[in-house]
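Engineer: Structure incoming, see below.
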Amino acid sequence: MRTALLALCVLMSLESVAQAEIATYYGKEFAGHRTASGERFNPGAMTAAHRTLRFGTRIRVTNTHNGRSVIVRINDRGPFTKGVAIDLSSGAARAIGMGGTAHVRIQVIG
């Protein structure tokens with residue numbers, strides 16, 4: 001019983017570490033605008049917007065279609081579109097070969 005409980009806890013923690021989600025990106029039209037964290041948005045930076053993760057959190061975003069990944073820092077709030085989990089900067093989206101939207105795996109790394 002104890003082993004089964006431990007295994008269940010491990011599986012639950014792994015599930016929260018890496019999640020399959022939908023990503024979009026935002027780009028040059030917001031360049032220079034203030035993000036929710038107060039910094040100016042740079043479309044070429046490796047940053048992203050997430051509804052709940054703390055500002056400064058680093059996450060690995062992997063495009064499930066081609067396996068390419070990038071590490072981004074959360075510096076903004078959003079996305080505000082139903083069903084979308086993360087908004088990447090256009091630089092980060094380009095780094096993983098993303099078109100308008102993509103299925104991605106999100107893993108918090110620090």
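Ligands are numbered from 1 in the order shown, residues from 1 within each chain, and chains are lettered A, B, ... in the order they appear in the structure tokens.
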Using only C-alpha atoms, which protein or nucleic acid residues come within 9 Å of A:Ile109? Drop anything in the same chain fewer than 2 positions from it, and give the result as a list of chain:residue names.
Structural biologist: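 With the cut-off at 9 Å, the set is A:Val17, A:Thr57, A:Arg58, A:Ile59, A:Arg60, A:Ile71, A:Gln107.
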Engineer: Can you tell me, as a list in words, what residues are no more than 9 Å from A:Asp87 when counting only C-alpha atoms, ignoring any on the same chain fewer than 4 positions away?
Structural biologist: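 Within the cut-off, the hits are Ala23, Thr24, Tyr25, Tyr26, Thr47, Ala48, Ala49, His50, Asp76, Arg77, Gly78, Pro79 and Ala93 of chain A.
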Engineer: Write the residues you've just listed into a file as an mmCIF file, in the first residue's frame, and include C-alpha atoms for each of them.
Structural biologist:
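This went into part_35.cif:
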data_model
loop_
_atom_site.group_PDB
_atom_site.id
_atom_site.type_symbol
_atom_site.label_atom_id
_atom_site.label_comp_id
_atom_site.auth_asym_id
_atom_site.auth_seq_id
_atom_site.Cartn_x
_atom_site.Cartn_y
_atom_site.Cartn_z
ATOM 1 C CA ALA A 23 0.841 27.995 -27.586
ATOM 2 C CA THR A 24 0.484 31.183 -29.583
ATOM 3 C CA TYR A 25 2.863 34.088 -29.979
ATOM 4 C CA TYR A 26 2.812 37.857 -30.014
ATOM 5 C CA THR A 47 10.144 35.508 -22.964
ATOM 6 C CA ALA A 48 6.534 34.420 -22.542
ATOM 7 C CA ALA A 49 3.204 35.261 -20.961
ATOM 8 C CA HIS A 50 1.454 32.810 -18.634
ATOM 9 C CA ASP A 76 3.881 38.886 -18.729
ATOM 10 C CA ARG A 77 0.316 37.744 -18.027
ATOM 11 C CA GLY A 78 -1.877 36.010 -20.559
ATOM 12 C CA PRO A 79 -2.902 34.530 -22.843
ATOM 13 C CA ALA A 93 8.243 31.009 -31.409
#
Engineer: Would you give me, as a ChimeraX atom specification, the residues in stretch 3-89 of chain A that DSSP reads as helix (DSSP H, G or I)?
Structural biologist: /A:3-17,28-30
Engineer: DSSP on the backbone: what in chain A comes out strand (DSSP E), as a ChimeraX atom specification?
Structural biologist: /A:18-26,47-50,58-63,69-76,86-89,101-108
Engineer: Please provide the set of residues having any atom within 9 Å of A:Val104, restricted to only C-alpha atoms, with same-chain residues fewer than 5 positions apart removed, written as a ChimeraX atom specification.
Structural biologist: /A:19-23,61-65,69
Engineer: With distances taken over only C-alpha atoms, which residue among A:Gly99, A:Gly83, A:Gly27, A:Gly38 lies nearest A:Gly56?
Structural biologist: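 Counting only C-alpha atoms, the residue closest to A:Gly56 is A:Gly38.
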Engineer: With distances taken over only C-alpha atoms, which residue among A:Asn75, A:Asn66, A:Thr52, A:Thr81 lies nearest A:Arg40?
Structural biologist: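 Among A:Asn75, A:Asn66, A:Thr52, A:Thr81, it is A:Asn75 that comes nearest to A:Arg40.
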Engineer: I'd like the interatomic distance between atom CA of A:Lys28 and atom CA of A:Gly110, to a tenth of an Å.
Structural biologist: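 According to the coordinates, atom CA of A:Lys28 and atom CA of A:Gly110 are separated by 27.4 Å.
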Engineer: Quick one: of A:His33, A:Arg94, A:Lys82, A:Arg68, who's nearest to A:Met46, counting only C-alpha atoms?
Structural biologist: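 Under the stated criterion, the closest residue is A:Arg94.
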Engineer: Which residues are close to A:Phe41, i.e. within 7 Å by only C-alpha atoms, leaving aside same-chain residues fewer than 3 positions away? Reply as a PyMOL selection string.
Structural biologist: chain A and resi 30-35
Engineer: Give me a file of those residues, with C-alpha atoms, as a PDB file, in the first residue's frame.
Structural biologist:
ATOM      1  CA  PHE A  30       3.636  45.088 -28.893  1.00  0.00           C
ATOM      2  CA  ALA A  31       7.329  46.021 -29.079  1.00  0.00           C
ATOM      3  CA  GLY A  32       8.226  48.566 -26.413  1.00  0.00           C
ATOM      4  CA  HIS A  33       4.935  48.227 -24.520  1.00  0.00           C
ATOM      5  CA  ARG A  34       5.161  47.470 -20.815  1.00  0.00           C
ATOM      6  CA  THR A  35       4.553  43.877 -19.782  1.00  0.00           C
TER       7      THR A  35
END
